[in-house]
$ cat final-v4.txt   # compact mmCIF, C-alpha atoms
# COMPACT_ATOMS: atom_id res chain seq x y z
CA MET J 13 -30.99 -29.49 -7.18
CA PRO J 14 -34.13 -27.51 -6.37
CA PRO J 15 -37.27 -28.35 -8.33
CA SER J 16 -37.05 -26.70 -11.73
CA ALA J 17 -39.26 -23.79 -12.70
CA ASN J 18 -41.20 -25.95 -15.15
CA ASP J 19 -41.99 -28.54 -12.50
CA PRO J 20 -45.60 -29.47 -13.30
CA PHE J 21 -46.35 -29.80 -9.60
CA ASP J 22 -47.00 -26.80 -7.43
CA SER J 23 -44.04 -26.76 -5.06
CA SER J 24 -45.65 -23.96 -3.05
CA GLU J 25 -47.89 -26.60 -1.51
CA GLY J 26 -45.19 -27.49 0.97
CA SER J 27 -47.46 -29.18 3.47
CA HIS J 28 -49.07 -31.19 0.69
CA SER J 29 -46.01 -33.05 -0.49
CA LEU J 30 -45.50 -36.72 -1.10
CA ARG J 31 -43.64 -38.41 1.73
CA GLY J 32 -40.41 -40.13 0.79
CA PRO J 33 -38.55 -40.73 -2.46
CA ILE J 34 -40.07 -41.25 -5.90
CA ASP J 35 -40.29 -44.95 -6.83
CA ALA J 36 -38.82 -45.50 -10.30
CA PRO J 37 -40.44 -48.94 -10.90
CA SER J 38 -43.88 -47.48 -10.16
CA LEU J 39 -43.41 -44.80 -12.82
CA TYR J 40 -42.62 -47.50 -15.40
CA ASP J 41 -45.51 -49.68 -14.24
CA PHE J 42 -47.97 -46.78 -14.52
CA ARG J 43 -46.72 -46.09 -18.04
CA ASP J 44 -46.91 -49.72 -19.12
CA VAL J 45 -50.48 -50.19 -17.89
CA PHE J 46 -51.74 -46.94 -19.39
CA GLU J 47 -50.10 -47.54 -22.78
CA ARG J 48 -51.52 -51.05 -22.91
CA LEU J 49 -55.07 -49.82 -22.19
CA GLU J 50 -55.12 -46.62 -24.23
CA PRO J 51 -54.30 -46.42 -27.96
CA LEU J 52 -54.09 -42.60 -27.70
CA ALA J 53 -51.41 -42.74 -24.99
CA THR J 54 -47.60 -42.55 -25.21
CA GLY J 55 -45.72 -42.58 -21.94
CA THR J 56 -42.29 -41.11 -21.20
CA VAL J 57 -40.33 -41.35 -17.96
CA ASN J 58 -38.45 -38.05 -17.67
CA ASP J 59 -34.99 -39.52 -16.95
CA PRO J 60 -33.94 -43.19 -17.13
CA VAL J 61 -31.14 -42.74 -14.56
CA ASP J 62 -32.71 -40.37 -12.02
CA PRO J 63 -36.44 -40.53 -12.78
CA THR J 64 -38.93 -38.32 -10.95
CA THR J 65 -42.01 -38.15 -13.20
CA VAL J 66 -43.78 -40.11 -15.90
CA THR J 67 -45.71 -38.16 -18.52
CA ILE J 68 -48.54 -39.82 -20.43
CA SER J 69 -49.20 -37.88 -23.66
CA LEU J 70 -52.70 -38.25 -25.06
CA ALA J 71 -53.14 -37.65 -28.79
CA ASP J 72 -56.62 -36.23 -28.27
CA GLY J 73 -58.31 -34.28 -25.50
CA ILE J 74 -61.72 -34.19 -23.86
CA GLY J 75 -64.33 -32.17 -25.77
CA SER J 76 -62.76 -29.32 -27.73
CA ALA J 77 -59.22 -30.00 -26.44
CA GLY J 78 -56.94 -31.36 -29.16
CA SER J 79 -54.46 -33.08 -26.83
CA ALA J 80 -53.76 -33.66 -23.16
CA ARG J 81 -51.23 -35.15 -20.81
CA LEU J 82 -50.96 -36.75 -17.40
CA ASP J 83 -47.94 -36.02 -15.19
CA VAL J 84 -47.58 -38.67 -12.52
CA ARG J 85 -45.37 -38.82 -9.45
CA TRP J 86 -45.37 -41.92 -7.27
CA ALA J 87 -43.52 -42.37 -3.96
CA THR J 88 -42.24 -45.60 -2.40
CA ASN J 89 -45.07 -45.49 0.19
CA ASN J 90 -47.71 -45.12 -2.60
CA ASP J 91 -48.27 -41.38 -2.02
CA ASN J 92 -48.99 -39.97 -5.46
CA ASN J 93 -50.00 -37.01 -7.65
CA ILE J 94 -51.80 -37.56 -10.95
CA HIS J 95 -52.05 -34.24 -12.75
CA TYR J 96 -54.11 -33.85 -15.93
CA ILE J 97 -53.73 -30.82 -18.19
CA ASP J 98 -55.17 -30.37 -21.67
CA SER J 99 -54.44 -28.12 -24.65
CA GLU J 100 -57.12 -25.70 -23.46
CA GLY J 101 -55.26 -25.25 -20.18
CA ARG J 102 -57.77 -27.16 -18.09
CA ASN J 103 -56.14 -28.75 -15.03
CA LEU J 104 -57.20 -31.29 -12.45
CA ARG J 105 -55.37 -33.58 -10.08
CA TRP J 106 -55.98 -36.77 -8.13
CA ASP J 107 -53.73 -36.90 -5.07
CA LEU J 108 -52.92 -39.35 -2.33
CA HIS J 109 -50.87 -37.84 0.51
CA PRO J 110 -51.49 -36.20 3.89
CA HIS J 111 -53.04 -32.74 3.53
CA ASP J 112 -54.36 -29.83 5.58
CA PHE J 113 -57.75 -29.56 3.89
CA ARG J 114 -60.78 -29.79 6.14
CA ARG J 115 -62.18 -32.51 3.91
CA PRO J 116 -61.90 -35.18 2.77
CA THR J 117 -60.64 -36.67 6.01
CA ASP J 118 -58.47 -39.34 4.38
CA ASP J 119 -55.30 -38.87 2.33
CA SER J 120 -56.95 -39.28 -1.08
CA HIS J 121 -58.47 -36.13 -2.57
CA PHE J 122 -59.22 -34.42 -5.87
CA HIS J 123 -58.33 -30.93 -7.10
CA PRO J 124 -61.13 -30.13 -9.56
CA PRO J 125 -60.98 -28.49 -13.00
CA PRO J 126 -60.56 -26.05 -14.59
CA ASN J 127 -57.65 -25.00 -12.35
CA ALA J 128 -56.94 -28.02 -10.10
CA ALA J 129 -58.19 -25.75 -7.33
CA SER J 130 -56.43 -25.98 -3.97
CA THR J 131 -58.81 -23.83 -1.92
CA ALA J 132 -60.36 -25.70 0.99
CA ASP J 133 -63.92 -25.27 -0.30
CA ASP J 134 -63.05 -26.71 -3.71
CA VAL J 135 -61.03 -29.81 -2.83
CA GLU J 136 -63.21 -32.92 -3.18
CA PRO J 137 -63.11 -36.57 -2.19
CA SER J 138 -61.30 -38.59 -4.87
CA CYS J 139 -63.20 -41.26 -6.78
CA ILE J 140 -60.07 -43.44 -6.61
CA GLU J 141 -59.86 -45.55 -3.46
CA LEU J 142 -57.25 -47.98 -4.77
CA THR J 143 -53.58 -47.71 -3.82
CA GLU J 144 -51.68 -50.30 -5.93
CA VAL J 145 -49.97 -48.45 -8.77
CA LYS J 146 -51.25 -50.70 -11.55
CA LEU J 147 -54.82 -50.50 -10.24
CA VAL J 148 -54.68 -46.73 -9.91
CA ALA J 149 -53.39 -46.53 -13.49
CA ARG J 150 -56.39 -48.61 -14.57
CA ALA J 151 -58.76 -46.41 -12.55
CA VAL J 152 -57.34 -43.19 -14.01
CA HIS J 153 -57.71 -44.70 -17.45
CA THR J 154 -61.35 -45.60 -16.75
CA CYS J 155 -62.03 -42.02 -15.55
CA TRP J 156 -60.30 -40.54 -18.60
CA ARG J 157 -62.23 -42.79 -20.99
CA LEU J 158 -65.59 -41.94 -19.36
CA ALA J 159 -64.84 -38.23 -19.63
CA TYR J 160 -63.43 -38.58 -23.16
CA ASP J 161 -66.47 -40.47 -24.41
CA SER J 162 -68.91 -38.06 -22.73
CA GLY J 163 -67.01 -35.00 -24.01
CA GLY J 164 -66.93 -33.19 -20.66
CA VAL J 165 -64.14 -32.79 -18.14
CA ASP J 166 -66.44 -31.86 -15.22
CA GLU J 167 -67.39 -35.44 -14.40
CA ILE J 168 -63.89 -36.93 -14.69
CA ASN J 169 -63.67 -37.48 -10.93
CA ALA J 170 -66.27 -40.21 -11.31
CA VAL J 171 -67.83 -40.09 -7.87
CA GLU J 172 -71.25 -40.88 -9.31
CA SER J 173 -72.32 -44.11 -10.95
CA PRO J 174 -71.14 -44.38 -14.54
CA PRO J 175 -73.98 -44.88 -17.03
CA MET M 196 -77.42 -43.55 -6.82
CA PRO M 197 -74.82 -40.96 -5.82
CA THR M 198 -73.18 -41.44 -2.44
CA ASP M 199 -70.35 -39.70 -0.61
CA ARG M 200 -67.82 -42.47 -1.18
CA PRO M 201 -69.08 -44.54 -4.10
CA THR M 202 -67.04 -47.46 -5.29
CA ASP M 203 -68.11 -48.00 -8.89
CA ILE M 204 -64.81 -47.13 -10.55
CA ASN M 205 -62.87 -49.06 -7.94
CA GLU M 206 -65.10 -52.11 -8.09
CA GLN M 207 -65.01 -52.10 -11.88
CA VAL M 208 -61.22 -51.88 -11.93
CA GLU M 209 -60.85 -54.65 -9.35
CA ARG M 210 -63.24 -56.88 -11.26
CA GLU M 211 -61.34 -56.39 -14.53
CA TRP M 212 -58.02 -57.02 -12.78
CA VAL M 213 -59.22 -60.29 -11.24
CA GLU M 214 -60.70 -61.40 -14.60
CA GLU M 215 -57.53 -60.62 -16.56
CA THR M 216 -54.90 -62.05 -14.18
CA THR M 217 -54.09 -65.29 -12.39
CA PRO M 218 -53.70 -65.35 -8.60
CA PHE M 219 -49.93 -65.83 -9.11
CA GLU M 220 -49.74 -62.72 -11.30
CA ARG M 221 -51.67 -60.69 -8.73
CA VAL M 222 -49.48 -61.83 -5.83
CA ARG M 223 -46.36 -61.00 -7.85
CA GLU M 224 -47.81 -57.63 -8.86
CA ILE M 225 -48.67 -56.48 -5.34
CA ILE M 226 -45.48 -57.79 -3.65
CA LYS M 227 -43.38 -56.08 -6.36
CA GLN M 228 -43.79 -52.71 -4.63
CA THR M 229 -44.11 -53.99 -1.06
CA TYR M 230 -40.95 -52.55 0.47
CA GLU M 231 -42.00 -53.03 4.10
CA PRO M 232 -42.80 -56.54 5.38
CA GLN M 233 -46.48 -57.46 5.45
CA PRO M 234 -48.25 -60.52 6.85
CA VAL M 235 -49.56 -63.10 4.38
CA SER M 236 -53.16 -62.30 5.38
CA GLN M 237 -52.77 -58.70 4.24
CA LEU M 238 -50.94 -59.65 1.05
CA ALA M 239 -53.67 -62.18 0.22
CA GLU M 240 -56.34 -59.52 0.66
CA ARG M 241 -54.50 -57.10 -1.60
CA ALA M 242 -54.10 -59.84 -4.25
CA ARG M 243 -57.79 -60.86 -3.95
CA THR M 244 -56.91 -64.44 -3.24
CA SER M 245 -56.92 -66.86 -0.31
CA GLU M 246 -54.17 -66.96 2.29
CA ASN M 247 -53.20 -70.49 1.27
CA THR M 248 -52.88 -69.51 -2.38
CA ALA M 249 -50.93 -66.36 -1.52
CA ARG M 250 -48.58 -68.35 0.76
CA LYS M 251 -47.93 -70.92 -1.95
CA HIS M 252 -47.06 -68.26 -4.53
CA LEU M 253 -44.97 -66.23 -2.08
CA ARG M 254 -42.87 -69.33 -1.40
CA LEU M 255 -42.33 -69.82 -5.14
CA LEU M 256 -41.37 -66.16 -5.48
CA GLU M 257 -38.99 -66.60 -2.56
CA ASP M 258 -37.31 -69.55 -4.31
CA ASP M 259 -36.79 -67.24 -7.31
CA GLY M 260 -35.27 -64.53 -5.09
CA PHE M 261 -38.08 -62.07 -5.90
CA VAL M 262 -39.30 -61.78 -2.31
CA VAL M 263 -37.85 -62.45 1.14
CA GLU M 264 -39.57 -63.77 4.20
CA THR M 265 -38.81 -61.64 7.23
CA ALA M 266 -38.78 -62.45 10.89
CA THR M 267 -42.25 -63.26 12.11
CA SER M 268 -43.72 -61.04 14.76
CA GLY M 269 -45.91 -62.80 17.28
CA THR M 270 -49.33 -63.92 16.08
CA ARG M 271 -49.12 -62.22 12.69
CA GLY M 272 -47.40 -65.22 11.16
CA ALA M 273 -45.02 -65.05 8.21
CA CYS M 274 -44.29 -61.67 6.65
CA TYR M 275 -42.91 -61.04 3.18
CA LYS M 276 -41.46 -58.10 1.29
CA ARG M 277 -39.81 -57.46 -2.05
CA SER M 278 -36.21 -58.58 -2.10
CA ASN M 279 -33.86 -55.58 -2.24
CA GLU M 280 -31.37 -57.55 -4.32
CA SER M 281 -34.05 -58.42 -6.86
CA LEU M 282 -35.21 -54.78 -6.99
CA ILE M 283 -31.67 -53.44 -7.42
CA LEU M 284 -30.77 -55.91 -10.17
CA GLU M 285 -34.07 -55.28 -11.98
CA GLN M 286 -33.52 -51.52 -11.98
CA ALA M 287 -29.84 -51.86 -12.92
CA HIS M 288 -30.90 -54.02 -15.87
CA ARG M 289 -33.52 -51.46 -16.94
CA ILE M 290 -31.01 -48.60 -16.75
CA ARG M 291 -28.45 -50.53 -18.82
CA SER M 292 -31.09 -51.19 -21.48
CA GLU M 293 -31.75 -47.43 -21.78
CA VAL M 294 -28.36 -45.75 -21.23
CA ASP M 295 -24.90 -46.47 -22.64
CA ALA M 296 -21.96 -47.06 -20.27
CA THR M 297 -20.20 -43.75 -20.98
CA THR M 298 -23.32 -41.70 -20.31
CA LEU M 299 -24.03 -43.75 -17.23
CA ALA M 300 -20.56 -43.12 -15.77
CA ALA M 301 -21.04 -39.36 -16.23
CA ARG M 302 -24.51 -39.44 -14.70
CA VAL M 303 -23.37 -41.40 -11.64
CA ALA M 304 -20.58 -38.88 -11.06
CA ALA M 305 -23.05 -35.99 -11.43
CA MET M 306 -25.55 -37.56 -9.03
CA GLN M 307 -22.79 -38.15 -6.48
CA GLN M 308 -21.89 -34.46 -6.80
CA THR M 309 -25.56 -33.49 -6.36
CA LEU M 310 -25.69 -35.43 -3.10
CA ARG M 311 -22.43 -33.80 -1.92
CA ASP M 312 -23.95 -30.40 -2.70
CA TYR M 313 -27.04 -31.21 -0.64
CA ARG M 314 -24.91 -32.38 2.30
CA GLU M 315 -22.84 -29.20 2.14
CA GLU M 316 -25.75 -26.80 1.65
CA PHE M 317 -27.76 -28.23 4.55
CA ALA M 318 -24.75 -29.24 6.68
CA SER M 319 -26.32 -32.68 7.15
CA ASP M 320 -25.30 -36.21 6.23
CA SER M 321 -28.78 -37.13 5.01
CA PRO M 322 -32.16 -35.54 4.23
CA GLU M 323 -33.53 -37.19 7.38
CA ASP M 324 -30.79 -35.56 9.48
CA ALA M 325 -31.58 -32.21 7.87
CA VAL M 326 -35.24 -32.53 8.86
CA VAL M 327 -34.44 -33.63 12.41
CA SER M 328 -31.93 -30.84 12.94
CA ASN M 329 -34.51 -28.30 11.73
CA VAL M 330 -32.35 -26.70 9.09
CA ASP M 331 -34.31 -24.59 6.64
CA ILE M 332 -35.21 -27.21 4.03
CA ASP M 333 -38.53 -27.48 2.20
CA PRO M 334 -40.29 -30.84 1.73
CA GLU M 335 -39.80 -30.81 -2.04
CA THR M 336 -36.03 -30.55 -1.57
CA VAL M 337 -36.10 -33.36 1.01
CA ARG M 338 -37.95 -35.53 -1.50
CA ALA M 339 -35.62 -34.59 -4.39
CA TRP M 340 -32.62 -35.47 -2.20
CA GLN M 341 -34.16 -38.80 -1.14
CA THR M 342 -35.08 -39.60 -4.74
CA THR M 343 -31.63 -38.96 -6.21
CA ARG M 344 -30.04 -40.92 -3.34
CA ARG M 345 -32.35 -43.87 -4.04
CA ASN M 346 -31.89 -43.74 -7.81
CA LEU M 347 -28.11 -43.55 -7.39
CA ASN M 348 -28.15 -46.96 -5.66
CA PHE M 349 -29.58 -48.49 -8.84
CA ALA M 350 -27.36 -46.47 -11.20
CA ARG M 351 -24.17 -47.43 -9.33
CA VAL M 352 -24.95 -51.11 -9.67
CA ALA M 353 -25.80 -50.65 -13.36
CA LEU M 354 -22.40 -49.01 -13.84
CA ALA M 355 -20.59 -51.71 -11.84
CA VAL M 356 -22.18 -54.43 -13.98
CA SER M 357 -21.15 -52.58 -17.17
CA ASN M 358 -17.57 -52.27 -15.95
CA ALA M 359 -17.42 -55.88 -14.82
CA GLU M 360 -18.78 -57.03 -18.15
CA GLN M 361 -16.11 -55.07 -20.05
CA ASP M 362 -13.32 -56.43 -17.82
CA LEU M 363 -14.62 -59.94 -18.15
CA GLN M 364 -14.79 -59.65 -21.90
CA ALA M 365 -11.23 -58.29 -22.05
CA SER M 366 -9.87 -61.07 -19.85
CA GLN M 367 -11.60 -63.71 -21.93
CA VAL M 368 -10.10 -62.55 -25.24
CA SER M 369 -6.52 -62.04 -24.01
$ encode --input "final-v4.txt" --output "structure tokens"
Amino acid sequence: MPPSANDPFDSSEGSHSLRGPIDAPSLYDFRDVFERLEPLATGTVNDPVDPTTVTISLADGIGSAGSARLDVRWATNNDNNIHYIDSEGRNLRWDLHPHDFRRPTDDSHFHPPPNAASTADDVEPSCIELTEVKLVARAVHTCWRLAYDSGGVDEINAVESPP
Amino acid sequence: MPTDRPTDINEQVEREWVEETTPFERVREIIKQTYEPQPVSQLAERARTSENTARKHLRLLEDDGFVVETATSGTRGACYKRSNESLILEQAHRIRSEVDATTLAARVAAMQQTLRDYREEFASDSPEDAVVSNVDIDPETVRAWQTTRRNLNFARVALAVSNAEQDLQASQVS
């Protein structure tokens, strides 16, 4: 089946895809870690038999947003997309996969808010250098909590020292 | 002080992980998704423990069937990876805890049909063949095909266990 129209991931980015199949156990591990760390979070794997995505619903959003969610895809080789969208329509995405952007030069990169921009000038280095799924889940949670507590989404890719 | 590639978040996360887990838990956690063999030295580094400690725990995990030791290659020493059997049984167990047997049978049939449709549409036996033979297939479709094929392996075993359990039960009562 082709990706459905409501696929949260931009399938037009053909050259920016994850390599290889989605890893079901990683989706469940990401969910378990995030739910354990975050009282506001409820995680749902989209299909128990043929899973492709885990969605973490957050019962509150950053700043004026009333809610938010993370859509996560994770491949068997640890390529991943972690897409955040809130009730105000603000989007951002941490990615780990080969890409055509001039920078950063490694596979990890960040599509900044408010639109998870994919233009070459906008794509940034990602603050997440870890690759193990449970550690990345912890790192995303740390980023989310810093942004949530500060009330601003602009600094969520925490490439500067936290206070 | 801001730098191009700062490590604060990563260092903080690693520190918390090491504080909250035992070396055994970390070795088990990192080998869980290690599907390609890796040398003990690399696994130890990923688990933030010594090679000797990692080796000891990997041997215990091998006794439990969670990992397998693979053929050693030259000077790299012993390599380990997640056991496929352990992965398949774990996922089959998870599926059975979430889906009833009737639904599962229908889903397995539908996934098998999905794979047949892919093979027919792209005139290829596998997504890898389709890529090699340069048929017009986008990367998202390749990944969707690979994903359903992989998930079907788990679902088929879940269904087989369900069926075997029913047969066993029937033969025990009669």
$ interface_residues --input "final-v4.txt" --of "chain M" --to "chain J" --cutoff "7 Å" --atoms "all atoms listed in the file" --output "list in words"
Met196, Pro197, Pro201, Asp203, Ile204, Asn205, Val208, Ile225, Ile290, Glu293, Thr309, Asp333, Pro334, Glu335, Thr336, Arg338, Gln341, Thr342, Thr343, Asn346 and Ala350 of chain M
$ axis_aligned_box --input "final-v4.txt" --around "segment 331-338 of chain M" --padding-each-side "8 Å" --output "JSON"
{"center_x": -37.3, "center_y": -30.1, "center_z": 2.3, "size_x": 22.0, "size_y": 26.9, "size_z": 24.7}
$ closest_residue --input "final-v4.txt" --among "M:Glu220, M:Phe317, M:Phe261, M:Ile226" --to "Glu285 of chain M" --atoms "only C-alpha atoms"
M:Phe261
$ closest_residue --input "final-v4.txt" --among "J:Val57, J:Leu108, J:Ile74, J:Val135" --to "Trp156 of chain J" --atoms "all atoms listed in the file"
J:Ile74
$ residues_around --input "final-v4.txt" --residues "Ser76 of chain J" --least-positions-apart "2" --cutoff "12 Å" --atoms "only C-alpha atoms" --output "ChimeraX atom specification"
/J:72-74,78-80,98-102,160,162-165
$ closest_residue --input "final-v4.txt" --among "J:Pro110, J:Leu82, J:Arg157, J:Ala77" --to "Ile97 of chain J" --atoms "only C-alpha atoms"
J:Leu82
$ atom_distance --input "final-v4.txt" --atom1 "atom CA of Val235 of chain M" --atom2 "atom CA of Cys274 of chain M"
5.9 Å
$ closest_residue --input "final-v4.txt" --among "M:Ala339, M:Ala273, M:Ala304, M:Ala287" --to "Val356 of chain M" --atoms "all atoms listed in the file"
M:Ala287
$ residues_around --input "final-v4.txt" --residues "Thr248 of chain M" --least-positions-apart "4" --cutoff "12 Å" --atoms "only C-alpha atoms" --output "MDAnalysis selection string"
chainID M and resid 217:222 235:236 238:240 242:244 252:255
$ residues_around --input "final-v4.txt" --residues "Arg291 of chain M" --least-positions-apart "4" --cutoff "9 Å" --atoms "only C-alpha atoms" --output "list in words"
Gln286, Ala287, Asp295, Ala296, Leu299, Ala350, Ala353, Leu354, Val356 and Ser357 of chain M
$ atom_distance --input "final-v4.txt" --atom1 "atom CA of Gly272 of chain M" --atom2 "atom CA of Thr216 of chain M"
26.6 Å
$ atom_distance --input "final-v4.txt" --atom1 "atom CA of Asn247 of chain M" --atom2 "atom CA of Gln233 of chain M"
15.2 Å
$ decode --input "final-v4.txt" --residues "segment 36-64 of chain J" --atoms "N, CA and C atoms" --output "mmCIF file, in the first residue's frame"
data_model
loop_
_atom_site.group_PDB
_atom_site.id
_atom_site.type_symbol
_atom_site.label_atom_id
_atom_site.label_comp_id
_atom_site.auth_asym_id
_atom_site.auth_seq_id
_atom_site.Cartn_x
_atom_site.Cartn_y
_atom_site.Cartn_z
ATOM 1 N N ALA J 36 9.662 -2.569 14.772
ATOM 2 C CA ALA J 36 8.565 -2.552 15.742
ATOM 3 C C ALA J 36 9.041 -2.442 17.196
ATOM 4 N N PRO J 37 10.019 -3.259 17.637
ATOM 5 C CA PRO J 37 10.424 -3.162 19.052
ATOM 6 C C PRO J 37 10.910 -1.767 19.435
ATOM 7 N N SER J 38 11.547 -1.058 18.507
ATOM 8 C CA SER J 38 12.036 0.286 18.814
ATOM 9 C C SER J 38 10.877 1.253 19.050
ATOM 10 N N LEU J 39 9.783 1.078 18.303
ATOM 11 C CA LEU J 39 8.622 1.952 18.505
ATOM 12 C C LEU J 39 8.082 1.760 19.919
ATOM 13 N N TYR J 40 8.001 0.499 20.360
ATOM 14 C CA TYR J 40 7.489 0.212 21.703
ATOM 15 C C TYR J 40 8.460 0.703 22.778
ATOM 16 N N ASP J 41 9.761 0.567 22.515
ATOM 17 C CA ASP J 41 10.751 1.030 23.497
ATOM 18 C C ASP J 41 10.696 2.549 23.654
ATOM 19 N N PHE J 42 10.566 3.259 22.520
ATOM 20 C CA PHE J 42 10.468 4.722 22.577
ATOM 21 C C PHE J 42 9.253 5.118 23.413
ATOM 22 N N ARG J 43 8.133 4.461 23.142
ATOM 23 C CA ARG J 43 6.907 4.757 23.888
ATOM 24 C C ARG J 43 7.089 4.513 25.391
ATOM 25 N N ASP J 44 7.659 3.360 25.716
ATOM 26 C CA ASP J 44 7.791 2.992 27.131
ATOM 27 C C ASP J 44 8.669 3.989 27.885
ATOM 28 N N VAL J 45 9.774 4.383 27.288
ATOM 29 C CA VAL J 45 10.682 5.329 27.945
ATOM 30 C C VAL J 45 9.986 6.683 28.128
ATOM 31 N N PHE J 46 9.349 7.154 27.058
ATOM 32 C CA PHE J 46 8.741 8.491 27.128
ATOM 33 C C PHE J 46 7.602 8.527 28.140
ATOM 34 N N GLU J 47 6.782 7.484 28.152
ATOM 35 C CA GLU J 47 5.657 7.448 29.107
ATOM 36 C C GLU J 47 6.155 7.390 30.545
ATOM 37 N N ARG J 48 7.266 6.676 30.741
ATOM 38 C CA ARG J 48 7.801 6.556 32.098
ATOM 39 C C ARG J 48 8.331 7.903 32.591
ATOM 40 N N LEU J 49 8.925 8.695 31.679
ATOM 41 C CA LEU J 49 9.553 9.955 32.074
ATOM 42 C C LEU J 49 8.561 11.113 32.139
ATOM 43 N N GLU J 50 7.479 11.047 31.389
ATOM 44 C CA GLU J 50 6.635 12.222 31.197
ATOM 45 C C GLU J 50 5.179 11.960 31.593
ATOM 46 N N PRO J 51 4.736 12.554 32.714
ATOM 47 C CA PRO J 51 3.342 12.352 33.140
ATOM 48 C C PRO J 51 2.311 12.853 32.117
ATOM 49 N N LEU J 52 2.694 13.816 31.272
ATOM 50 C CA LEU J 52 1.746 14.368 30.291
ATOM 51 C C LEU J 52 1.621 13.483 29.046
ATOM 52 N N ALA J 53 2.439 12.432 28.959
ATOM 53 C CA ALA J 53 2.527 11.671 27.707
ATOM 54 C C ALA J 53 1.711 10.384 27.722
ATOM 55 N N THR J 54 1.037 10.095 26.590
ATOM 56 C CA THR J 54 0.401 8.805 26.347
ATOM 57 C C THR J 54 0.830 8.343 24.960
ATOM 58 N N GLY J 55 1.418 7.162 24.894
ATOM 59 C CA GLY J 55 1.942 6.703 23.611
ATOM 60 C C GLY J 55 1.061 5.654 22.976
ATOM 61 N N THR J 56 0.946 5.689 21.640
ATOM 62 C CA THR J 56 0.162 4.711 20.910
ATOM 63 C C THR J 56 0.936 4.275 19.663
ATOM 64 N N VAL J 57 1.170 2.966 19.563
ATOM 65 C CA VAL J 57 1.731 2.433 18.319
ATOM 66 C C VAL J 57 0.559 2.258 17.357
ATOM 67 N N ASN J 58 0.725 2.675 16.088
ATOM 68 C CA ASN J 58 -0.429 2.813 15.197
ATOM 69 C C ASN J 58 -1.094 1.491 14.838
ATOM 70 N N ASP J 59 -0.371 0.370 14.917
ATOM 71 C CA ASP J 59 -0.947 -0.912 14.514
ATOM 72 C C ASP J 59 -0.135 -2.015 15.197
ATOM 73 N N PRO J 60 -0.769 -2.845 16.039
ATOM 74 C CA PRO J 60 0.022 -3.852 16.757
ATOM 75 C C PRO J 60 0.575 -4.947 15.841
ATOM 76 N N VAL J 61 -0.062 -5.186 14.689
ATOM 77 C CA VAL J 61 0.369 -6.273 13.814
ATOM 78 C C VAL J 61 1.369 -5.786 12.761
ATOM 79 N N ASP J 62 1.106 -4.636 12.167
ATOM 80 C CA ASP J 62 2.004 -4.103 11.131
ATOM 81 C C ASP J 62 2.361 -2.651 11.476
ATOM 82 N N PRO J 63 3.091 -2.466 12.593
ATOM 83 C CA PRO J 63 3.346 -1.101 13.067
ATOM 84 C C PRO J 63 4.319 -0.329 12.186
ATOM 85 N N THR J 64 4.071 0.975 12.039
ATOM 86 C CA THR J 64 4.972 1.838 11.278
ATOM 87 C C THR J 64 5.338 3.113 12.028
#
